[in-house]
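Novice: Pasting target.txt here (compact mmCIF, C-alpha atoms):
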# COMPACT_ATOMS: atom_id res chain seq x y z
CA MET A 1 -8.35 15.34 4.26
CA ILE A 2 -4.78 14.91 5.54
CA ALA A 3 -2.53 11.89 4.92
CA GLN A 4 -4.73 10.13 2.39
CA ARG A 5 -1.35 9.39 0.79
CA PRO A 6 2.05 9.01 2.51
CA PRO A 7 3.17 12.48 3.66
CA MET A 8 6.11 14.08 1.84
CA GLY A 9 8.32 16.96 2.84
CA PHE A 10 11.53 18.08 4.52
CA ASN A 11 12.74 17.79 8.14
CA THR A 12 15.62 19.76 9.66
CA TRP A 13 17.04 17.20 12.10
CA ASN A 14 19.45 14.97 10.19
CA CYS A 15 21.14 17.84 8.41
CA PHE A 16 21.10 20.66 10.96
CA CYS A 17 20.40 19.02 14.34
CA GLY A 18 19.51 21.96 16.64
CA ASP A 19 21.42 24.53 14.58
CA ILE A 20 18.36 26.11 12.97
CA ASN A 21 17.36 29.73 12.45
CA GLU A 22 14.84 31.96 10.76
CA ASN A 23 16.79 32.86 7.60
CA GLN A 24 17.88 29.27 7.02
CA ILE A 25 14.29 28.00 7.13
CA LYS A 26 13.17 30.69 4.69
CA GLU A 27 15.94 29.63 2.31
CA ILE A 28 14.84 26.00 2.63
CA ALA A 29 11.27 27.04 1.81
CA ASP A 30 12.49 28.94 -1.25
CA ALA A 31 14.54 25.94 -2.38
CA MET A 32 11.62 23.52 -1.98
CA VAL A 33 9.73 25.62 -4.50
CA SER A 34 12.52 26.54 -6.93
CA SER A 35 13.87 22.97 -7.14
CA GLY A 36 10.46 21.59 -8.10
CA LEU A 37 10.12 19.52 -4.93
CA LEU A 38 6.81 21.12 -3.98
CA ASP A 39 5.35 20.38 -7.41
CA LEU A 40 6.19 16.69 -6.88
CA GLY A 41 4.38 16.55 -3.53
CA TYR A 42 7.04 17.48 -0.97
CA GLU A 43 4.77 19.92 0.81
CA TYR A 44 5.68 19.85 4.54
CA LEU A 45 8.59 21.88 5.95
CA VAL A 46 9.14 20.58 9.49
CA LEU A 47 11.26 22.16 12.25
CA ASP A 48 12.59 19.47 14.55
CA ASP A 49 13.90 19.80 18.13
CA HIS A 50 15.44 23.04 19.52
CA TRP A 51 13.02 25.44 17.82
CA MET A 52 11.40 26.34 21.16
CA ALA A 53 12.69 28.56 23.97
CA PRO A 54 14.22 26.73 26.97
CA GLU A 55 11.17 27.48 29.16
CA ARG A 56 7.46 28.12 28.71
CA ASP A 57 6.09 31.66 29.02
CA SER A 58 4.14 33.03 32.00
CA GLU A 59 0.91 31.52 30.62
CA GLY A 60 2.43 28.09 30.30
CA ARG A 61 2.75 28.22 26.51
CA MET A 62 5.66 27.23 24.29
CA TYR A 63 7.24 29.97 22.20
CA ALA A 64 10.06 30.11 19.67
CA ASP A 65 13.66 30.65 20.78
CA PRO A 66 14.01 34.42 20.25
CA GLN A 67 17.70 34.16 19.34
CA LYS A 68 16.98 31.73 16.52
CA PHE A 69 13.64 33.19 15.44
CA PRO A 70 13.67 36.91 16.29
CA SER A 71 10.58 37.62 14.17
CA GLY A 72 8.59 34.95 15.99
CA ILE A 73 7.21 31.64 14.82
CA GLU A 74 3.96 33.02 13.41
CA SER A 75 5.86 35.30 11.03
CA LEU A 76 7.92 32.34 9.82
CA ILE A 77 4.83 30.18 9.35
CA ASP A 78 3.21 32.95 7.30
CA TYR A 79 6.30 33.05 5.07
CA VAL A 80 6.28 29.28 4.55
CA HIS A 81 2.56 29.32 3.78
CA SER A 82 3.08 32.17 1.30
CA LYS A 83 5.25 29.76 -0.72
CA GLY A 84 2.42 27.23 -0.98
CA LEU A 85 4.05 24.93 1.59
CA LYS A 86 2.72 23.51 4.84
CA PHE A 87 4.52 24.04 8.15
CA GLY A 88 5.45 21.49 10.79
CA LEU A 89 6.82 21.63 14.33
CA TYR A 90 8.28 19.15 16.79
CA SER A 91 7.32 18.32 20.35
CA CYS A 92 7.65 15.36 22.68
CA ALA A 93 5.43 13.15 24.83
CA GLY A 94 7.81 13.62 27.77
CA MET A 95 8.32 16.46 30.22
CA LEU A 96 11.36 17.48 28.16
CA THR A 97 12.27 16.87 24.52
CA CYS A 98 15.26 14.75 23.50
CA GLY A 99 17.21 18.03 23.44
CA SER A 100 15.95 19.03 26.93
CA ARG A 101 13.55 21.72 25.76
CA PRO A 102 9.96 21.85 27.11
CA GLY A 103 7.93 18.76 26.21
CA SER A 104 4.16 18.44 25.97
CA PHE A 105 3.51 16.05 28.89
CA GLN A 106 0.44 17.35 30.75
CA HIS A 107 0.32 20.28 28.30
CA GLU A 108 -1.19 18.41 25.38
CA PHE A 109 -4.33 20.51 24.96
CA ILE A 110 -2.75 23.92 25.47
CA ASP A 111 0.04 23.00 23.05
CA ALA A 112 -2.37 21.73 20.40
CA GLN A 113 -4.41 24.92 20.70
CA THR A 114 -1.25 27.05 20.48
CA PHE A 115 -0.03 25.21 17.40
CA ALA A 116 -3.44 25.60 15.76
CA LYS A 117 -3.51 29.33 16.50
CA TRP A 118 -0.10 29.75 14.86
CA GLY A 119 -1.19 27.85 11.72
CA VAL A 120 0.84 24.67 12.20
CA ASP A 121 -0.03 21.83 9.78
CA PHE A 122 2.15 18.95 11.06
CA LEU A 123 3.35 17.79 14.48
CA LYS A 124 6.25 15.38 14.92
CA TYR A 125 5.85 13.92 18.42
CA ASP A 126 8.91 12.29 19.99
CA ASN A 127 9.19 9.92 22.96
CA CYS A 128 12.00 11.14 25.25
CA GLN A 129 12.06 11.91 28.99
CA LYS A 130 8.59 10.69 29.86
CA PRO A 131 7.58 9.59 33.38
CA ASN A 132 8.17 6.00 34.31
CA GLY A 133 5.12 3.78 34.44
CA ILE A 134 3.01 5.54 31.79
CA GLU A 135 2.35 3.44 28.71
CA ASP A 136 3.24 4.98 25.36
CA HIS A 137 -0.10 4.37 23.72
CA LEU A 138 -1.81 6.50 26.39
CA LEU A 139 0.55 9.44 25.82
CA TYR A 140 0.00 9.34 22.07
CA ARG A 141 -3.75 9.00 22.45
CA ARG A 142 -3.73 12.15 24.60
CA MET A 143 -2.06 14.24 21.93
CA ALA A 144 -4.16 12.68 19.16
CA MET A 145 -7.31 13.73 21.01
CA ALA A 146 -5.95 17.23 21.59
CA LEU A 147 -5.03 17.68 17.92
CA ARG A 148 -8.36 16.35 16.69
CA ASN A 149 -10.12 18.98 18.80
CA CYS A 150 -7.85 22.01 18.32
CA GLY A 151 -9.85 23.64 15.53
CA ARG A 152 -7.29 22.97 12.77
CA GLU A 153 -6.25 19.95 10.71
CA ILE A 154 -2.77 19.02 11.97
CA LEU A 155 -1.04 15.88 10.72
CA PHE A 156 0.09 13.74 13.68
CA SER A 157 3.50 12.10 13.18
CA ALA A 158 4.20 9.74 16.10
CA CYS A 159 7.87 9.04 16.78
CA SER A 160 7.92 6.22 19.34
CA TRP A 161 10.79 4.39 17.57
CA GLY A 162 8.81 1.18 17.06
CA GLU A 163 9.07 0.37 20.76
CA TYR A 164 6.33 -0.92 23.08
CA GLY A 165 4.38 -2.53 20.25
CA THR A 166 3.90 0.67 18.24
CA HIS A 167 2.52 -1.16 15.21
CA ASP A 168 -0.23 -2.67 17.39
CA TRP A 169 -1.67 0.64 18.66
CA ALA A 170 -0.44 3.56 16.53
CA ARG A 171 -3.09 3.54 13.83
CA ASN A 172 -6.10 3.14 16.10
CA SER A 173 -4.70 5.81 18.44
CA GLY A 174 -5.28 8.46 15.80
CA THR A 175 -1.82 8.96 14.30
CA ASN A 176 -1.27 9.74 10.61
CA MET A 177 2.26 8.32 10.42
CA TRP A 178 4.17 6.36 13.03
CA ARG A 179 7.84 5.58 13.39
CA SER A 180 8.30 1.85 13.47
CA THR A 181 12.09 1.84 13.83
CA GLY A 182 15.00 3.36 15.71
CA ASP A 183 16.73 6.42 14.25
CA ILE A 184 18.29 5.95 10.83
CA GLN A 185 22.02 6.57 10.41
CA ASP A 186 23.74 7.70 7.23
CA ASN A 187 25.24 4.36 6.25
CA TRP A 188 24.32 1.27 4.26
CA VAL A 189 23.91 -1.12 7.20
CA SER A 190 21.50 1.15 9.08
CA MET A 191 19.32 1.76 6.04
CA ARG A 192 19.29 -1.90 4.97
CA ASP A 193 18.52 -3.20 8.46
CA ILE A 194 15.66 -0.74 8.93
CA ALA A 195 14.08 -1.85 5.66
CA MET A 196 14.44 -5.54 6.45
CA SER A 197 13.03 -5.07 9.96
CA GLN A 198 9.80 -3.76 8.44
CA PHE A 199 9.12 -6.56 5.95
CA ALA A 200 6.96 -8.24 8.60
CA TYR A 201 4.68 -5.20 8.93
CA SER A 202 3.43 -4.94 5.35
CA THR A 203 -0.18 -5.43 6.45
CA HIS A 204 -0.17 -2.47 8.87
CA ASN A 205 -0.11 0.37 6.32
CA ALA A 206 -3.31 1.98 5.09
CA PRO A 207 -4.50 5.40 3.90
CA PHE A 208 -4.46 8.09 6.61
CA SER A 209 -1.92 6.23 8.82
CA TYR A 210 1.48 5.08 7.53
CA ASN A 211 4.37 3.01 8.78
CA ASP A 212 7.24 5.55 8.86
CA LEU A 213 10.69 4.07 8.20
CA ASP A 214 12.32 7.40 9.24
CA MET A 215 13.69 10.25 7.18
CA LEU A 216 15.45 9.91 3.84
CA ILE A 217 19.24 10.06 4.08
CA VAL A 218 19.70 10.62 0.34
CA GLY A 219 22.32 13.32 -0.24
CA LEU A 220 23.85 13.47 3.24
CA TYR A 221 27.17 11.84 2.17
CA GLY A 222 28.40 11.39 5.74
CA LYS A 223 28.66 15.11 6.41
CA THR A 224 26.18 15.33 9.29
CA HIS A 225 25.84 14.27 12.90
CA ILE A 226 24.01 11.01 12.07
CA GLY A 227 26.97 9.22 10.51
CA LEU A 228 30.46 9.83 9.23
CA GLN A 229 30.43 7.00 6.70
CA GLY A 230 27.70 8.06 4.32
CA CYS A 231 26.43 6.03 1.36
CA THR A 232 27.23 5.75 -2.31
CA ASP A 233 24.80 7.14 -4.88
CA GLU A 234 23.88 3.53 -5.74
CA GLU A 235 22.98 2.89 -2.09
CA TYR A 236 20.97 6.12 -1.87
CA GLN A 237 19.04 5.00 -4.97
CA THR A 238 18.29 1.66 -3.31
CA HIS A 239 17.20 3.51 -0.17
CA PHE A 240 14.72 5.68 -2.09
CA ALA A 241 13.38 2.68 -3.99
CA LEU A 242 12.80 0.71 -0.78
CA TRP A 243 10.99 3.58 0.95
CA SER A 244 8.84 4.10 -2.16
CA LEU A 245 7.83 0.46 -2.53
CA MET A 246 7.20 0.10 1.20
CA THR A 247 4.90 3.14 1.13
CA SER A 248 6.81 5.03 3.79
CA PRO A 249 6.40 8.79 4.17
CA LEU A 250 9.13 10.56 2.17
CA MET A 251 10.78 13.20 4.33
CA ILE A 252 13.97 14.66 2.84
CA SER A 253 16.73 15.51 5.33
CA CYS A 254 19.67 16.71 3.19
CA ASP A 255 20.40 20.39 2.62
CA ILE A 256 18.31 20.95 -0.48
CA ARG A 257 19.82 24.40 -0.98
CA ASN A 258 22.93 22.80 -2.43
CA MET A 259 22.04 19.21 -3.38
CA ASN A 260 23.95 17.81 -6.36
CA GLU A 261 22.33 16.60 -9.56
CA VAL A 262 22.45 12.91 -8.60
CA THR A 263 20.67 13.62 -5.31
CA LYS A 264 18.07 15.72 -7.08
CA THR A 265 17.54 13.01 -9.72
CA ILE A 266 16.92 10.37 -7.05
CA LEU A 267 14.56 12.52 -4.97
CA THR A 268 12.57 13.78 -7.96
CA ASN A 269 11.94 10.45 -9.69
CA LYS A 270 8.26 10.96 -10.41
CA GLU A 271 7.69 7.35 -11.46
CA LEU A 272 8.92 6.07 -8.09
CA ILE A 273 7.03 8.82 -6.26
CA ASP A 274 3.84 7.78 -8.09
CA ILE A 275 4.33 4.22 -6.82
CA ASN A 276 4.81 5.49 -3.27
CA GLN A 277 1.80 7.81 -3.53
CA ASP A 278 -0.65 5.28 -4.98
CA ILE A 279 -4.09 6.09 -3.59
CA GLU A 280 -4.66 2.64 -2.05
CA GLY A 281 -1.65 3.02 0.24
CA ARG A 282 -0.62 -0.63 0.16
CA GLN A 283 2.86 -1.44 1.45
CA GLY A 284 4.78 -3.75 -0.86
CA TYR A 285 5.32 -7.27 0.44
CA ALA A 286 8.82 -8.75 0.43
CA TRP A 287 10.35 -12.19 0.22
CA LYS A 288 13.81 -13.67 -0.02
CA ILE A 289 14.55 -14.70 -3.60
CA SER A 290 17.56 -16.93 -2.91
CA LYS A 291 18.19 -19.34 -0.07
CA ASP A 292 21.93 -18.85 -0.56
CA ALA A 293 22.21 -15.04 -0.74
CA GLU A 294 20.56 -11.88 0.57
CA TYR A 295 18.55 -11.22 -2.59
CA TYR A 296 15.04 -9.87 -2.04
CA GLY A 297 11.97 -9.14 -4.12
CA ILE A 298 9.17 -6.71 -3.31
CA ALA A 299 5.80 -6.57 -5.05
CA LYS A 300 3.29 -3.76 -4.56
CA ALA A 301 -0.27 -3.85 -5.88
CA LEU A 302 -1.35 -0.53 -7.40
CA SER A 303 -4.81 0.95 -7.71
CA ASN A 304 -5.17 0.68 -11.51
CA GLY A 305 -4.28 -3.03 -11.62
CA ASP A 306 -0.58 -2.46 -12.25
CA TYR A 307 2.11 -3.97 -10.05
CA ALA A 308 5.43 -2.49 -8.97
CA PHE A 309 8.34 -4.92 -8.67
CA GLY A 310 11.60 -4.31 -6.84
CA LEU A 311 14.68 -6.54 -6.91
CA PHE A 312 17.41 -5.88 -4.34
CA ASN A 313 20.96 -7.16 -3.91
CA PHE A 314 21.72 -6.72 -0.21
CA THR A 315 25.00 -8.63 -0.48
CA ASP A 316 28.48 -7.12 -0.78
CA ASN A 317 29.08 -8.86 -4.11
CA ASP A 318 27.91 -8.16 -7.64
CA CYS A 319 25.56 -10.76 -9.06
CA THR A 320 26.15 -12.18 -12.55
CA ILE A 321 24.33 -14.24 -15.13
CA THR A 322 25.09 -17.39 -13.10
CA ASN A 323 23.45 -16.02 -9.95
CA SER A 324 21.02 -13.39 -11.25
CA LEU A 325 17.99 -12.10 -9.36
CA ASN A 326 14.52 -12.90 -10.63
CA ILE A 327 10.90 -12.53 -9.67
CA LYS A 328 8.73 -15.40 -10.86
CA PHE A 329 5.22 -14.12 -11.54
CA TRP A 330 3.88 -17.42 -10.23
CA ASP A 331 4.99 -16.26 -6.76
CA ILE A 332 2.79 -13.15 -6.90
CA GLY A 333 -0.35 -14.86 -8.18
CA LEU A 334 -0.04 -15.21 -11.98
CA PRO A 335 -0.59 -18.84 -13.09
CA LEU A 336 1.68 -20.31 -15.75
CA GLY A 337 0.05 -20.71 -19.15
CA CYS A 338 -2.83 -18.35 -18.36
CA GLY A 339 -2.07 -16.18 -21.38
CA TYR A 340 -1.20 -13.06 -19.39
CA GLY A 341 2.11 -11.32 -18.83
CA PHE A 342 3.41 -7.93 -17.79
CA GLU A 343 4.38 -5.05 -20.05
CA MET A 344 7.31 -3.78 -18.01
CA ARG A 345 8.79 -0.33 -17.54
CA ASP A 346 12.09 0.37 -15.80
CA VAL A 347 11.16 3.29 -13.52
CA ILE A 348 14.71 4.11 -12.43
CA ASN A 349 16.07 4.41 -15.97
CA HIS A 350 12.73 5.57 -17.39
CA LYS A 351 12.45 3.16 -20.31
CA ASP A 352 10.03 0.50 -21.52
CA VAL A 353 11.51 -3.01 -21.52
CA GLY A 354 8.72 -5.01 -23.18
CA LEU A 355 6.50 -8.00 -22.42
CA MET A 356 7.59 -10.53 -19.81
CA LYS A 357 5.46 -13.63 -19.56
CA GLU A 358 6.71 -15.66 -16.61
CA PHE A 359 9.48 -13.79 -14.78
CA VAL A 360 11.76 -10.75 -14.73
CA THR A 361 15.51 -11.27 -14.31
CA VAL A 362 18.30 -8.77 -13.61
CA ASN A 363 21.99 -8.73 -12.74
CA LEU A 364 22.78 -6.20 -10.04
CA LYS A 365 25.86 -4.70 -8.47
CA ALA A 366 26.34 -5.03 -4.73
CA HIS A 367 23.78 -2.93 -2.79
CA ALA A 368 21.94 -2.05 -6.02
CA CYS A 369 18.32 -2.43 -7.10
CA ALA A 370 15.99 -2.51 -10.08
CA VAL A 371 12.37 -1.35 -10.02
CA PHE A 372 9.74 -2.05 -12.67
CA ARG A 373 6.12 -1.09 -13.14
CA GLY A 374 4.16 -3.83 -14.84
CA LYS A 375 0.84 -3.62 -16.68
CA LEU A 376 -0.98 -6.95 -16.94
CA VAL A 377 -1.80 -7.73 -20.59
CA LYS A 378 -3.22 -10.71 -22.48
CA TYR A 379 -0.84 -11.95 -25.17
CA GLU A 380 -2.79 -14.83 -26.71
Could you spell out this file's structure in structure tokens?

Specialist:
Amino acid sequence: MIAQRPPMGFNTWNCFCGDINENQIKEIADAMVSSGLLDLGYEYLVLDDHWMAPERDSEGRMYADPQKFPSGIESLIDYVHSKGLKFGLYSCAGMLTCGSRPGSFQHEFIDAQTFAKWGVDFLKYDNCQKPNGIEDHLLYRRMAMALRNCGREILFSACSWGEYGTHDWARNSGTNMWRSTGDIQDNWVSMRDIAMSQFAYSTHNAPFSYNDLDMLIVGLYGKTHIGLQGCTDEEYQTHFALWSLMTSPLMISCDIRNMNEVTKTILTNKELIDINQDIEGRQGYAWKISKDAEYYGIAKALSNGDYAFGLFNFTDNDCTITNSLNIKFWDIGLPLGCGYGFEMRDVINHKDVGLMKEFVTVNLKAHACAVFRGKLVKYE
């Protein structure tokens, strides 16, 4: 059954925009396997906008741009499947896509049937160029119905940018993941603001339908069309930790064919991935630790009784021993003097840090984070 856990994979948009082609996608598929990403759960390879020809064929069906995909889309899908990966495509709820290629408005059922015939496993469904006066939830319900009756399991990724009350209707409309934000940019402010904007929606996540905070920008370094500034490795680590604790889908968007070792280390942190992929699908809940500074804590309940704890310094200044960050276990439900504490493991640095009875405290650089996994134990 699809999307029992947050979907993981790769999407072409942030790195390549519309500059995609057959050989490039095959190389990406090869790299997803050889780098170990597939073994860690990154199973979807998704072509974003501009994969389709500028017009539909004589039967009203989409087909791949023959200049970019001369062997045809079915041949490419067969290649991706031969690597053990799943294949995704992009379309749009409007008459045209954001890149002015054919959209699926009034073609929902024929498109779903076409995608199923080709062997598509994932559909990202955007929200551009739709007719005025039609409510978003109706457009997404149309495609959800078409996909659920196309004869193939196809994951439905709704990209309505968090507008028009997305969080109120996306799950019950039949989506498997739903964008709750505007497009992410490759810079610290964009990533931080997206995360903070979703703290209020921690109760909306559940298995089979996930609040999607947008694609991962880890490893882009300001070299793409979504931002010239880029982030530091420390900021990319904070980004990955936030998305993991908030149970967002994890969709890589850097060029994995030539990612550096730091990028690979961040994206392949199995301990953080395990927290993200916990079977109960609970989004971590967040609170402000300090009334005087932008310090935040996140706690996420895990299926085996463990808890994941994240501490985040969103300020532009390092914190020190005089203004350290801490999570008091009282604030997450552990009474003082009850005889229980947490055996803590640092999941970013991969080391055990021992028993903590009442709180965990850290000093963090600006824009940095710490993440722990705690096992509740009785100590007296």

Novice: Here's a test: counting all atoms listed in the file, identify every protein, DNA and RNA residue with an atom at most 10 Å from (5.1, 24.5, 11.4) in the file's coordinate frame, and state them as a PyMOL selection string.

Specialist: chain A and resi 44-48+73-74+76-78+80-81+85-90+115-116+118-124+154

Novice: Which is closest to A:Leu302 among A:Cys92, A:Met1, A:Ile279, A:Leu155, if we use all atoms listed in the file?

Specialist: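 Ranking A:Cys92, A:Met1, A:Ile279, A:Leu155 by distance to A:Leu302, first place goes to A:Ile279.
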
Novice: Within 7 Å of A:Met246, counting only C-alpha atoms, which residues qualify if same-chain residues fewer than 4 places away don't, as a list in words?

Specialist: Leu242, Gln283 and Gly284 of chain A

Novice: Name the closest residue to A:Asn149 among the candidates A:Glu358, A:Asp126, A:Asp183, A:Asp111; distances are taken between atoms, counting all atoms listed in the file.

Specialist: A:Asp111

Novice: Do a neighbour search on A:Ala144 at 9 Å with all atoms listed in the file, toss out local chain neighbours closer than 2 positions, and write the hits as a ChimeraX atom specification.

Specialist: /A:108,139-142,146-149,156,173-175

Novice: Neighbours of A:Ala195 within 8 Å (all atoms listed in the file; same-chain residues fewer than 3 positions away dropped), as an MDAnalysis selection string?

Specialist: chainID A and resid 191:192 198:199 213 242:243

Novice: Write a file of the selected residues as a PDB file, in the coordinates of the input, keeping C-alpha atoms.

Specialist:
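Produced file part_11.pdb, reproduced below:
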ATOM      1  CA  MET A 191      19.320   1.760   6.040  1.00  0.00           C
ATOM      2  CA  ARG A 192      19.290  -1.900   4.970  1.00  0.00           C
ATOM      3  CA  GLN A 198       9.800  -3.760   8.440  1.00  0.00           C
ATOM      4  CA  PHE A 199       9.120  -6.560   5.950  1.00  0.00           C
ATOM      5  CA  LEU A 213      10.690   4.070   8.200  1.00  0.00           C
ATOM      6  CA  LEU A 242      12.800   0.710  -0.780  1.00  0.00           C
ATOM      7  CA  TRP A 243      10.990   3.580   0.950  1.00  0.00           C
TER       8      TRP A 243
END

Novice: What gap, in Å, lies between atom CA of A:Leu96 and atom CA of A:Ser190?

Specialist: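 Distance between the two atoms: 27.1 Å.
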
Novice: Have a look at A:Leu228, A:Met344, A:Ala158, A:Ala200 and name the one nearest to A:Gln185; count only C-alpha atoms.

Specialist: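 Comparing A:Leu228, A:Met344, A:Ala158, A:Ala200 against A:Gln185, the winner is A:Leu228.
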
Novice: Would you mind telling me which residue in A:Gln129, A:Ser303, A:Ser91, A:Ser75 lies nearest to A:Lys26 when using only C-alpha atoms?

Specialist: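 When distances to A:Lys26 are compared using only C-alpha atoms, the smallest one comes from A:Ser75.
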
Novice: Would you list the residues near (7.6, -11.4, -24.8), meaning any protein, DNA or RNA residue with an atom at most 10 Å from that point in file coordinates, counting only C-alpha atoms, as a PyMOL selection string?

Specialist: chain A and resi 341-343+353-358+379

Novice: May I ask which of the residues A:Cys150, A:Leu245, A:Ala29, A:Cys98 is the closest one to A:Trp13, counting only C-alpha atoms?

Specialist: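 That would be A:Cys98, the residue with the smallest distance to A:Trp13.
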
Novice: Do you have the atom CA of A:Leu376-atom CA of A:Tyr340 distance handy?

Specialist: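 Atom-to-atom, atom CA of A:Leu376 to atom CA of A:Tyr340, that is 6.6 Å.
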
Novice: Considering all atoms listed in the file, can you say which of A:Asn132, A:His239, A:Pro7, A:Lys328 comes closest to A:Trp178?

Specialist: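 Of all the options, A:Pro7 lies closest to A:Trp178.
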
Novice: So what do you get for atom CA of A:Gly374 versus atom CA of A:Leu37, distance-wise?

Specialist: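 Taking atom CA of A:Gly374 and atom CA of A:Leu37, their separation equals 26.1 Å.
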
Novice: At a cut-off of 10 Å, using all atoms listed in the file, what residues contact A:Gly219? Leave out same-chain residues fewer than 4 positions from it and give the result as a PDB file with C-alpha atoms, in the frame of the given file.

Specialist:
ATOM      1  CA  CYS A  15      21.140  17.840   8.410  1.00  0.00           C
ATOM      2  CA  ASP A 186      23.740   7.700   7.230  1.00  0.00           C
ATOM      3  CA  LYS A 223      28.660  15.110   6.410  1.00  0.00           C
ATOM      4  CA  GLY A 230      27.700   8.060   4.320  1.00  0.00           C
ATOM      5  CA  CYS A 231      26.430   6.030   1.360  1.00  0.00           C
ATOM      6  CA  THR A 232      27.230   5.750  -2.310  1.00  0.00           C
ATOM      7  CA  ASP A 233      24.800   7.140  -4.880  1.00  0.00           C
ATOM      8  CA  TYR A 236      20.970   6.120  -1.870  1.00  0.00           C
ATOM      9  CA  ILE A 252      13.970  14.660   2.840  1.00  0.00           C
ATOM     10  CA  SER A 253      16.730  15.510   5.330  1.00  0.00           C
ATOM     11  CA  CYS A 254      19.670  16.710   3.190  1.00  0.00           C
ATOM     12  CA  ASP A 255      20.400  20.390   2.620  1.00  0.00           C
ATOM     13  CA  ILE A 256      18.310  20.950  -0.480  1.00  0.00           C
ATOM     14  CA  ASN A 258      22.930  22.800  -2.430  1.00  0.00           C
ATOM     15  CA  MET A 259      22.040  19.210  -3.380  1.00  0.00           C
ATOM     16  CA  ASN A 260      23.950  17.810  -6.360  1.00  0.00           C
ATOM     17  CA  GLU A 261      22.330  16.600  -9.560  1.00  0.00           C
ATOM     18  CA  VAL A 262      22.450  12.910  -8.600  1.00  0.00           C
ATOM     19  CA  THR A 263      20.670  13.620  -5.310  1.00  0.00           C
ATOM     20  CA  LYS A 264      18.070  15.720  -7.080  1.00  0.00           C
ATOM     21  CA  ILE A 266      16.920  10.370  -7.050  1.00  0.00           C
ATOM     22  CA  LEU A 267      14.560  12.520  -4.970  1.00  0.00           C
TER      23      LEU A 267
END

Novice: Skip A:Asp136 itself and residues of its chain fewer than 2 positions away, then list as a ChimeraX atom specification all residues within 10 Å of it, counting only C-alpha atoms.

Specialist: /A:93,127,130,133-134,138-141,160,163-166,169-170
